[in-house]
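Student: Structure file protein-v8.cif (mmCIF, C-alpha atoms) is given on the next line.
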```cif
data_my_file
#
loop_
_atom_site.label_atom_id
_atom_site.label_comp_id
_atom_site.auth_asym_id
_atom_site.auth_seq_id
_atom_site.Cartn_x
_atom_site.Cartn_y
_atom_site.Cartn_z
CA MET S 261 9.62 68.39 118.11
CA LYS S 262 9.75 69.76 114.59
CA LEU S 263 12.69 68.67 112.46
CA ARG S 264 13.23 72.32 111.54
CA HIS S 265 13.88 73.15 115.18
CA LEU S 266 16.64 70.50 115.42
CA VAL S 267 18.19 71.67 112.16
CA GLU S 268 18.35 75.24 113.41
CA ARG S 269 19.53 74.50 116.95
CA LEU S 270 22.24 72.05 115.84
CA ASP S 271 23.18 74.05 112.75
CA LEU S 272 22.76 71.04 110.46
CA GLY S 273 23.24 71.23 106.72
CA VAL S 274 20.14 70.26 104.74
CA LEU S 275 21.31 68.20 101.76
CA CYS S 276 17.78 67.33 100.66
CA GLY S 277 14.24 67.22 102.01
CA GLU S 278 13.88 70.95 102.67
CA ASP S 279 10.12 70.49 102.21
CA LYS S 280 9.93 67.92 105.04
CA LEU S 281 11.29 70.06 107.85
CA GLU S 282 7.87 70.51 109.45
CA SER S 283 7.64 66.80 110.26
CA GLU S 284 7.82 65.61 113.86
CA VAL S 285 10.86 63.91 115.44
CA ASN S 286 9.92 61.63 118.35
CA GLY S 287 13.32 60.16 119.21
CA GLY S 288 16.60 59.08 117.71
CA TYR S 289 18.76 56.11 116.88
CA VAL S 290 22.50 55.81 116.33
CA GLY S 291 23.97 53.02 114.23
CA ASP S 292 26.05 51.99 111.25
CA LEU S 293 24.85 48.38 111.04
CA LEU S 294 21.79 48.42 108.83
CA SER S 295 20.17 45.30 110.33
CA ASP S 296 20.47 46.81 113.79
CA VAL S 297 18.87 50.06 112.67
CA MET S 298 16.15 48.15 110.79
CA ALA S 299 15.29 46.06 113.84
CA ASN S 300 15.64 48.57 116.66
CA SER S 301 14.88 52.09 115.45
CA SER S 302 11.35 53.49 115.44
CA LYS S 303 9.04 55.36 113.13
CA GLY S 304 9.60 59.12 113.47
CA ASN S 305 13.19 58.74 114.72
CA ILE S 306 16.12 60.80 113.54
CA TRP S 307 18.91 58.37 112.52
CA ILE S 308 22.53 59.36 113.14
CA THR S 309 25.05 57.39 111.10
CA ARG S 310 28.38 57.44 109.30
CA GLN S 311 27.09 55.30 106.43
CA SER S 312 26.59 57.51 103.40
CA HIS S 313 25.84 55.10 100.54
CA GLN S 314 22.38 54.88 98.98
CA ASN S 315 21.27 51.82 100.95
CA ILE S 316 20.62 53.95 104.03
CA ILE S 317 17.63 55.49 102.23
CA ALA S 318 15.75 52.19 101.91
CA VAL S 319 16.23 51.58 105.63
CA ALA S 320 15.03 55.09 106.57
CA SER S 321 12.08 54.78 104.20
CA LEU S 322 11.03 51.33 105.43
CA ARG S 323 11.24 52.42 109.07
CA GLU S 324 9.71 55.85 108.27
CA HIS S 325 12.47 57.87 109.91
CA ALA S 326 12.00 61.62 110.18
CA ALA S 327 15.51 62.22 108.80
CA ILE S 328 19.08 60.93 108.57
CA ILE S 329 22.03 62.87 110.03
CA LEU S 330 25.41 62.10 108.46
CA ALA S 331 27.94 62.71 111.22
CA LEU S 332 31.64 63.59 111.15
CA GLY S 333 31.51 65.34 107.81
CA LYS S 334 30.54 62.25 105.81
CA LYS S 335 29.58 63.27 102.28
CA PRO S 336 26.76 61.26 100.69
CA ASP S 337 27.11 59.61 97.30
CA ASP S 338 25.17 61.39 94.53
CA ASP S 339 22.74 58.50 94.20
CA THR S 340 22.06 58.67 97.96
CA ILE S 341 20.62 62.16 97.57
CA GLU S 342 18.75 61.18 94.41
CA LYS S 343 17.12 58.25 96.17
CA ALA S 344 16.42 60.28 99.33
CA THR S 345 14.64 62.94 97.29
CA ARG S 346 12.56 60.26 95.58
CA GLU S 347 11.62 58.59 98.89
CA GLY S 348 11.08 61.89 100.71
CA ILE S 349 13.76 61.33 103.36
CA PRO S 350 15.61 64.48 104.52
CA VAL S 351 19.38 64.01 104.66
CA LEU S 352 21.20 66.34 107.07
CA ALA S 353 24.92 66.85 107.58
CA THR S 354 27.28 67.92 110.33
CA ASP S 355 31.06 67.94 110.81
CA ARG S 356 30.69 66.99 114.47
CA PRO S 357 30.95 63.37 115.65
CA GLY S 358 27.90 61.17 116.21
CA PHE S 359 28.34 61.08 119.99
CA GLU S 360 28.15 64.85 120.26
CA ILE S 361 25.16 65.14 117.92
CA ALA S 362 23.31 62.32 119.67
CA GLY S 363 23.85 64.05 123.02
CA GLN S 364 22.52 67.33 121.71
CA VAL S 365 19.52 65.74 119.99
CA TYR S 366 18.74 63.87 123.21
CA ALA S 367 18.99 67.02 125.30
CA LEU S 368 16.68 68.95 122.99
CA LEU S 369 14.16 66.12 122.66
CA SER S 370 14.05 65.17 126.33
CA ASN S 371 12.02 68.29 127.09
CA ASP S 372 9.61 67.47 124.31
CA ARG S 373 6.20 65.87 124.80
CA SER S 374 6.47 63.55 121.79
CA PHE S 375 9.85 62.13 122.87
CA ARG S 376 10.15 58.39 123.33
CA ALA S 377 13.50 57.33 124.75
CA GLY S 378 12.94 53.60 124.35
CA THR S 379 13.09 51.47 121.23
CA GLU S 380 9.46 50.46 121.24
CA SER S 381 7.73 51.16 117.98
CA MET Z 260 -10.50 42.25 102.03
CA ASN Z 261 -12.59 40.13 99.72
CA ARG Z 262 -9.90 38.53 97.67
CA ALA Z 263 -6.30 37.61 98.32
CA TYR Z 264 -3.43 39.61 96.93
CA GLU Z 265 -0.38 38.01 95.34
CA LYS Z 266 2.70 39.40 93.66
CA THR Z 267 6.21 38.15 92.95
CA PHE Z 268 9.32 40.34 92.92
CA SER Z 269 12.56 39.21 91.33
CA VAL Z 270 15.80 40.20 93.02
CA GLU Z 271 19.20 40.19 91.35
CA GLY Z 272 22.23 38.98 93.29
CA ASP Z 273 25.07 41.44 94.02
CA ASN Z 274 23.00 44.44 92.88
CA PHE Z 275 23.34 46.65 95.94
CA ASP Z 276 22.28 49.72 93.95
CA ASN Z 277 18.69 48.50 93.94
CA ALA Z 278 18.72 46.99 97.42
CA GLY Z 279 15.46 47.62 99.21
CA THR Z 280 13.44 48.28 96.06
CA ALA Z 281 11.25 45.18 96.46
CA SER Z 282 10.86 45.81 100.20
CA ILE Z 283 9.76 49.41 99.70
CA GLU Z 284 7.25 48.34 97.05
CA ILE Z 285 5.87 45.57 99.27
CA LYS Z 286 5.50 47.99 102.17
CA LYS Z 287 3.56 50.41 99.96
CA ILE Z 288 1.21 47.62 98.85
CA LEU Z 289 0.59 46.59 102.46
CA LYS Z 290 0.01 50.17 103.50
CA ASP Z 291 -2.61 50.50 100.77
CA LEU Z 292 -4.23 47.34 102.15
CA ARG Z 293 -4.40 49.16 105.53
CA ILE Z 294 -2.32 46.58 107.34
CA ASP Z 295 -1.84 47.31 111.05
CA GLU Z 296 1.24 49.38 111.96
CA ASP Z 297 3.02 46.70 114.00
CA VAL Z 298 2.39 44.00 111.40
CA LEU Z 299 3.70 46.40 108.76
CA ARG Z 300 6.89 46.92 110.78
CA LYS Z 301 7.50 43.19 111.21
CA THR Z 302 6.83 42.49 107.55
CA ALA Z 303 9.13 45.31 106.41
CA ILE Z 304 11.99 43.96 108.52
CA ALA Z 305 11.47 40.36 107.39
CA VAL Z 306 11.23 41.28 103.70
CA TYR Z 307 14.18 43.68 103.81
CA GLU Z 308 16.47 41.12 105.45
CA SER Z 309 15.33 38.48 102.94
CA GLU Z 310 15.98 40.81 100.02
CA LEU Z 311 19.44 41.68 101.33
CA ASN Z 312 20.26 38.00 101.80
CA ILE Z 313 19.53 37.33 98.12
CA ILE Z 314 21.61 40.34 97.05
CA SER Z 315 24.48 39.52 99.39
CA TYR Z 316 24.77 35.79 98.80
CA ALA Z 317 22.70 34.42 95.91
CA ARG Z 318 22.79 34.78 92.11
CA SER Z 319 19.12 35.65 91.96
CA GLY Z 320 15.89 35.05 93.78
CA ASN Z 321 12.18 35.67 94.01
CA ILE Z 322 10.14 37.13 96.83
CA THR Z 323 6.46 36.26 96.63
CA LEU Z 324 3.99 38.18 98.71
CA TYR Z 325 0.62 36.61 99.37
CA VAL Z 326 -1.91 38.36 101.57
CA ASP Z 327 -5.24 36.92 102.66
CA ASP Z 328 -7.70 37.98 105.35
CA ASP Z 329 -5.68 36.51 108.20
CA THR Z 330 -2.03 36.32 107.22
CA ILE Z 331 0.83 37.85 105.28
CA ASN Z 332 2.85 35.12 103.58
CA ILE Z 333 6.31 35.73 102.21
CA ASP Z 334 8.09 33.08 100.20
CA VAL Z 335 11.73 33.69 99.42
CA GLU Z 336 13.44 31.36 97.00
CA ASP Z 337 16.95 31.87 95.72
CA GLU Z 338 19.44 30.24 93.42
CA GLY Z 339 22.82 30.35 95.02
CA PRO Z 340 25.35 28.67 97.27
CA GLY Z 341 22.77 27.57 99.84
CA ILE Z 342 23.55 27.18 103.53
CA GLU Z 343 25.67 24.28 104.81
CA ASP Z 344 24.77 24.56 108.48
CA ILE Z 345 21.38 26.18 109.07
CA ASP Z 346 21.62 26.10 112.89
CA LEU Z 347 24.87 28.04 112.69
CA ALA Z 348 23.45 30.51 110.16
CA MET Z 349 20.50 31.18 112.49
CA GLN Z 350 22.79 32.24 115.34
CA PRO Z 351 22.88 35.99 115.82
CA GLY Z 352 26.28 37.35 114.89
CA TYR Z 353 27.30 34.47 112.64
CA SER Z 354 27.99 35.68 109.11
CA THR Z 355 29.86 34.65 105.99
CA ALA Z 356 29.70 38.17 104.53
CA THR Z 357 32.66 39.53 102.62
CA GLU Z 358 34.57 42.63 103.70
CA HIS Z 359 32.86 44.61 100.91
CA ILE Z 360 29.41 43.71 102.27
CA ARG Z 361 30.43 44.51 105.85
CA GLN Z 362 31.80 47.92 104.93
CA MET Z 363 28.34 48.94 103.76
CA GLY Z 364 26.93 48.05 107.17
CA PHE Z 365 25.44 44.72 106.09
CA GLY Z 366 26.54 41.23 107.06
CA ALA Z 367 26.27 41.66 110.82
CA GLY Z 368 24.84 38.17 111.13
CA MET Z 369 21.44 39.44 112.25
CA GLY Z 370 19.44 38.79 109.08
CA LEU Z 371 17.91 35.34 109.56
CA TYR Z 372 17.60 35.91 113.30
CA ASN Z 373 15.64 39.14 112.73
CA ILE Z 374 13.41 37.46 110.14
CA LYS Z 375 12.57 34.71 112.59
CA SER Z 376 11.91 37.22 115.40
CA CYS Z 377 9.40 39.05 113.22
CA SER Z 378 7.60 35.90 112.01
CA ASP Z 379 4.72 33.96 113.50
CA LEU Z 380 5.85 31.01 111.41
CA PHE Z 381 9.35 30.67 109.96
CA GLU Z 382 10.67 27.73 107.95
CA ILE Z 383 14.02 27.52 106.26
CA SER Z 384 15.36 24.85 103.96
CA SER Z 385 18.51 24.90 101.93
CA THR Z 386 20.47 22.75 99.53
CA PRO Z 387 24.16 23.57 99.17
CA ASN Z 388 25.03 24.74 95.64
CA VAL Z 389 21.35 24.94 94.73
CA GLY Z 390 19.66 27.55 96.91
CA THR Z 391 17.69 28.51 99.96
CA HIS Z 392 13.95 28.71 100.61
CA LEU Z 393 12.33 30.74 103.37
CA LYS Z 394 8.67 30.50 104.28
CA ILE Z 395 7.51 33.37 106.46
CA ILE Z 396 4.03 33.90 107.85
CA ILE Z 397 3.01 36.97 109.84
CA LYS Z 398 -0.48 37.06 111.34
CA ARG Z 399 -2.45 40.19 110.50
CA ASN Z 400 -3.98 40.45 113.95
CA GLY Z 401 -1.03 38.98 115.82
CA ARG Z 402 0.69 40.81 118.64
#
```
Re-express the file's structure as structure tokens.

Tutor:
Amino acid sequence: MKLRHLVERLDLGVLCGEDKLESEVNGGYVGDLLSDVMANSSKGNIWITRQSHQNIIAVASLREHAAIILALGKKPDDDTIEKATREGIPVLATDRPGFEIAGQVYALLSNDRSFRAGTES
Amino acid sequence: MNRAYEKTFSVEGDNFDNAGTASIEIKKILKDLRIDEDVLRKTAIAVYESELNIISYARSGNITLYVDDDTINIDVEDEGPGIEDIDLAMQPGYSTATEHIRQMGFGAGMGLYNIKSCSDLFEISSTPNVGTHLKIIIKRNGR
């Protein structure tokens, strides 16, 4: 599923990475522990987190995530957006909690051909 | 590949602003060398956790990447407090991270465990008050 489709359906704010919205999302991962996300998320995932400091960008870049969603109205630090722009990682924002967003992302993706529910990479 | 590739990256302790810089650069190098996707994933995890360990606990350190036809070798050497009890440090969930480190989502006690899980060969040695040395080998064709 195209990232743009998720952004529109879930009414997500696009903080950066407007030019990457045509990329494909194949699944998602929820986590605030960076080692956990590093080890268990997959390439092409959308990552839902409450962490908003710049270190999330290195994780998303190394694991080649499709985008990061900052849940519950978390505002990113300025250098987070700067780094995300440099690494080409879209950062999206919502006021709703991670549980709700994860449920909606799952529902939308589960009808999609490219969806992979597991954590295999 | 006809000749081996080698490069050393220096990492500064406590500099969380640049955390991941060496790992991202190493991943780009390996991608250019057309390393297999799964090997790339394992190497990225192992290098990232190693880099974060230096930043979180040591004064400074070096990560040396050496790639030949068969293996990816990562040597991580730091100057720092070292590890008193390596068996304990290897246990998932055990961590000596400060509150500051934990608040950023680091220090979950998964670092060394994840490095070992991603490695085909993993050796760790440490001298308290001197530093820690990791030797990591990931096979290029290994699954």

Student: To one decimal in Å, tell me the separation between atom CA of Gln314 of chain S and atom CA of Val274 of chain S.

Tutor: 16.6 Å

Student: Hey, list the chain Z side of the contact with chain S: 9 Å cut-off, only C-alpha atoms, answer as a list in words.

Tutor: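 Those within range of chain S come out as Phe275, Asp276, Asn277, Ala278, Gly279, Thr280, Ser282, Ile283, Lys286, Asp297, Arg300, Lys301, Ala303, Ile304, Tyr307, Glu308, Arg361, Gln362, Met363, Gly364, Phe365, Gly366, Ala367, Gly368, Met369, Gly370 and Asn373 of chain Z.
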
Student: With the file shown as input, list the residues that the PyMOL selection byres ((chain Z and resi 338) around 8) selects, as a list in words.

Tutor: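 Answer for the PyMOL selection byres ((chain Z and resi 338) around 8): Ala317, Arg318, Ser319, Gly320, Glu336, Asp337, Gly339, Pro340, Gly341, Val389, Gly390 and Thr391 of chain Z.
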
Student: Take the selection from the previous step and output its residues with C-alpha atoms, as a PDB file, in the frame of the given file.

Tutor:
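Dumped everything to part.pdb:
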```pdb
ATOM      1  CA  ALA Z 317      22.700  34.420  95.910  1.00  0.00           C
ATOM      2  CA  ARG Z 318      22.790  34.780  92.110  1.00  0.00           C
ATOM      3  CA  SER Z 319      19.120  35.650  91.960  1.00  0.00           C
ATOM      4  CA  GLY Z 320      15.890  35.050  93.780  1.00  0.00           C
ATOM      5  CA  GLU Z 336      13.440  31.360  97.000  1.00  0.00           C
ATOM      6  CA  ASP Z 337      16.950  31.870  95.720  1.00  0.00           C
ATOM      7  CA  GLY Z 339      22.820  30.350  95.020  1.00  0.00           C
ATOM      8  CA  PRO Z 340      25.350  28.670  97.270  1.00  0.00           C
ATOM      9  CA  GLY Z 341      22.770  27.570  99.840  1.00  0.00           C
ATOM     10  CA  VAL Z 389      21.350  24.940  94.730  1.00  0.00           C
ATOM     11  CA  GLY Z 390      19.660  27.550  96.910  1.00  0.00           C
ATOM     12  CA  THR Z 391      17.690  28.510  99.960  1.00  0.00           C
TER      13      THR Z 391
END
```

Student: Nearest to Ser374 of chain S: which of S:Gly277, S:Pro357, S:Gly288, S:Pro336 is it, counting all atoms listed in the file?

Tutor: S:Gly288

Student: For the point (21.5, 57.7, 118.9) in the file's frame, write as a tab-separated table (two decimals) with C-alpha atoms, in the frame of the given file all residues with an atom no more than 7 Å away, counting all atoms listed in the file.

Tutor:
```tsv
chain	number	residue	atom	x	y	z
S	288	GLY	CA	16.60	59.08	117.71
S	289	TYR	CA	18.76	56.11	116.88
S	290	VAL	CA	22.50	55.81	116.33
S	307	TRP	CA	18.91	58.37	112.52
S	308	ILE	CA	22.53	59.36	113.14
S	362	ALA	CA	23.31	62.32	119.67
```

Student: Atom CA of Cys276 of chain S to atom CA of Leu352 of chain S: how many Å, to one decimal?

Tutor: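 Between atom CA of Cys276 of chain S and atom CA of Leu352 of chain S the gap is 7.3 Å.
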
Student: With only C-alpha atoms as the atoms that count, which of Z:Val335, Z:Tyr372, Z:Ile396, Z:Asp329 lies nearest to Ser384 of chain Z?

Tutor: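 Closest residue, counting only C-alpha atoms: Z:Val335.
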
Student: What does the distance from atom CA of Ala367 of chain S to atom CA of Asp279 of chain S come to in Å, to one decimal?

Tutor: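 Atom CA of Asp279 of chain S lies at a distance of 25.0 Å from atom CA of Ala367 of chain S.
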
Student: I'd like the contact shell of segment 326-328 of chain Z - 10 Å cut-off, only C-alpha atoms, skipping same-chain residues fewer than 5 positions apart - returned as a list in words.

Tutor: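 Residues meeting the cut-off are Met260, Asn261, Arg262, Ala263, Tyr264, Glu265, Lys266, Leu289, Leu292, Ile333, Ile396, Ile397, Lys398, Arg399 and Asn400 of chain Z.
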
Student: For segment 330-333 of chain S, please output as a list in words all residues within 6 Å (counting all atoms listed in the file; exclusion window: fewer than 6 positions along the same chain).

Tutor: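 The residues satisfying every condition are Thr309, Arg310, Ala353, Thr354, Asp355, Arg356, Pro357 and Gly358 of chain S.
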
Student: Run the PyMOL selection byres ((chain Z and resi 380) around 9) on the file and write out the hits as an MDAnalysis selection string.

Tutor: chainID Z and resid 375 377:379 381:382 394:398

Student: Emit segment 338-364 of chain S of the structure in the block as a file comprising N, CA and C atoms, as a tab-separated table (two decimals), in the first residue's frame.

Tutor:
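Result written to result_30.tsv:
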```
chain	number	residue	atom	x	y	z
S	338	ASP	N	13.89	19.69	16.55
S	338	ASP	CA	14.26	20.27	15.25
S	338	ASP	C	15.28	19.40	14.51
S	339	ASP	N	16.27	18.90	15.28
S	339	ASP	CA	17.32	18.12	14.60
S	339	ASP	C	16.80	16.76	14.13
S	340	THR	N	15.67	16.30	14.69
S	340	THR	CA	15.05	15.07	14.19
S	340	THR	C	14.59	15.26	12.75
S	341	ILE	N	13.93	16.36	12.50
S	341	ILE	CA	13.41	16.65	11.16
S	341	ILE	C	14.56	16.90	10.18
S	342	GLU	N	15.57	17.61	10.67
S	342	GLU	CA	16.75	17.89	9.83
S	342	GLU	C	17.39	16.57	9.37
S	343	LYS	N	17.59	15.68	10.34
S	343	LYS	CA	18.22	14.39	10.04
S	343	LYS	C	17.32	13.54	9.14
S	344	ALA	N	16.02	13.56	9.42
S	344	ALA	CA	15.07	12.77	8.63
S	344	ALA	C	15.08	13.21	7.17
S	345	THR	N	15.15	14.52	6.96
S	345	THR	CA	15.17	15.06	5.61
S	345	THR	C	16.44	14.59	4.89
S	346	ARG	N	17.55	14.63	5.63
S	346	ARG	CA	18.83	14.21	5.06
S	346	ARG	C	18.82	12.72	4.69
S	347	GLU	N	18.22	11.91	5.55
S	347	GLU	CA	18.21	10.45	5.33
S	347	GLU	C	17.03	9.99	4.47
S	348	GLY	N	16.12	10.92	4.15
S	348	GLY	CA	14.98	10.56	3.32
S	348	GLY	C	13.95	9.70	4.03
S	349	ILE	N	13.75	9.97	5.33
S	349	ILE	CA	12.73	9.23	6.10
S	349	ILE	C	11.54	10.14	6.37
S	350	PRO	N	10.35	9.82	5.86
S	350	PRO	CA	9.18	10.64	6.17
S	350	PRO	C	8.81	10.54	7.65
S	351	VAL	N	8.54	11.68	8.27
S	351	VAL	CA	8.08	11.69	9.66
S	351	VAL	C	6.65	12.23	9.66
S	352	LEU	N	5.74	11.41	10.22
S	352	LEU	CA	4.31	11.72	10.22
S	352	LEU	C	3.85	11.93	11.65
S	353	ALA	N	2.76	12.66	11.83
S	353	ALA	CA	2.32	12.97	13.18
S	353	ALA	C	0.82	12.80	13.34
S	354	THR	N	0.43	12.37	14.54
S	354	THR	CA	-0.99	12.27	14.87
S	354	THR	C	-1.18	12.56	16.35
S	355	ASP	N	-2.37	13.08	16.72
S	355	ASP	CA	-2.65	13.30	18.13
S	355	ASP	C	-3.17	12.04	18.80
S	356	ARG	N	-3.58	11.07	17.98
S	356	ARG	CA	-4.18	9.86	18.56
S	356	ARG	C	-3.13	8.92	19.13
S	357	PRO	N	-3.52	8.07	20.08
S	357	PRO	CA	-2.54	7.17	20.70
S	357	PRO	C	-2.08	6.06	19.76
S	358	GLY	N	-0.91	5.49	20.07
S	358	GLY	CA	-0.30	4.47	19.23
S	358	GLY	C	-1.19	3.26	19.00
S	359	PHE	N	-1.91	2.85	20.03
S	359	PHE	CA	-2.79	1.67	19.92
S	359	PHE	C	-3.83	1.87	18.81
S	360	GLU	N	-4.44	3.05	18.83
S	360	GLU	CA	-5.48	3.35	17.86
S	360	GLU	C	-4.91	3.39	16.43
S	361	ILE	N	-3.78	4.08	16.30
S	361	ILE	CA	-3.14	4.20	14.99
S	361	ILE	C	-2.70	2.84	14.46
S	362	ALA	N	-2.11	2.04	15.36
S	362	ALA	CA	-1.66	0.70	14.95
S	362	ALA	C	-2.85	-0.12	14.45
S	363	GLY	N	-3.96	-0.04	15.16
S	363	GLY	CA	-5.16	-0.78	14.77
S	363	GLY	C	-5.66	-0.36	13.40
S	364	GLN	N	-5.63	0.94	13.16
S	364	GLN	CA	-6.12	1.44	11.88
S	364	GLN	C	-5.16	1.10	10.74
```
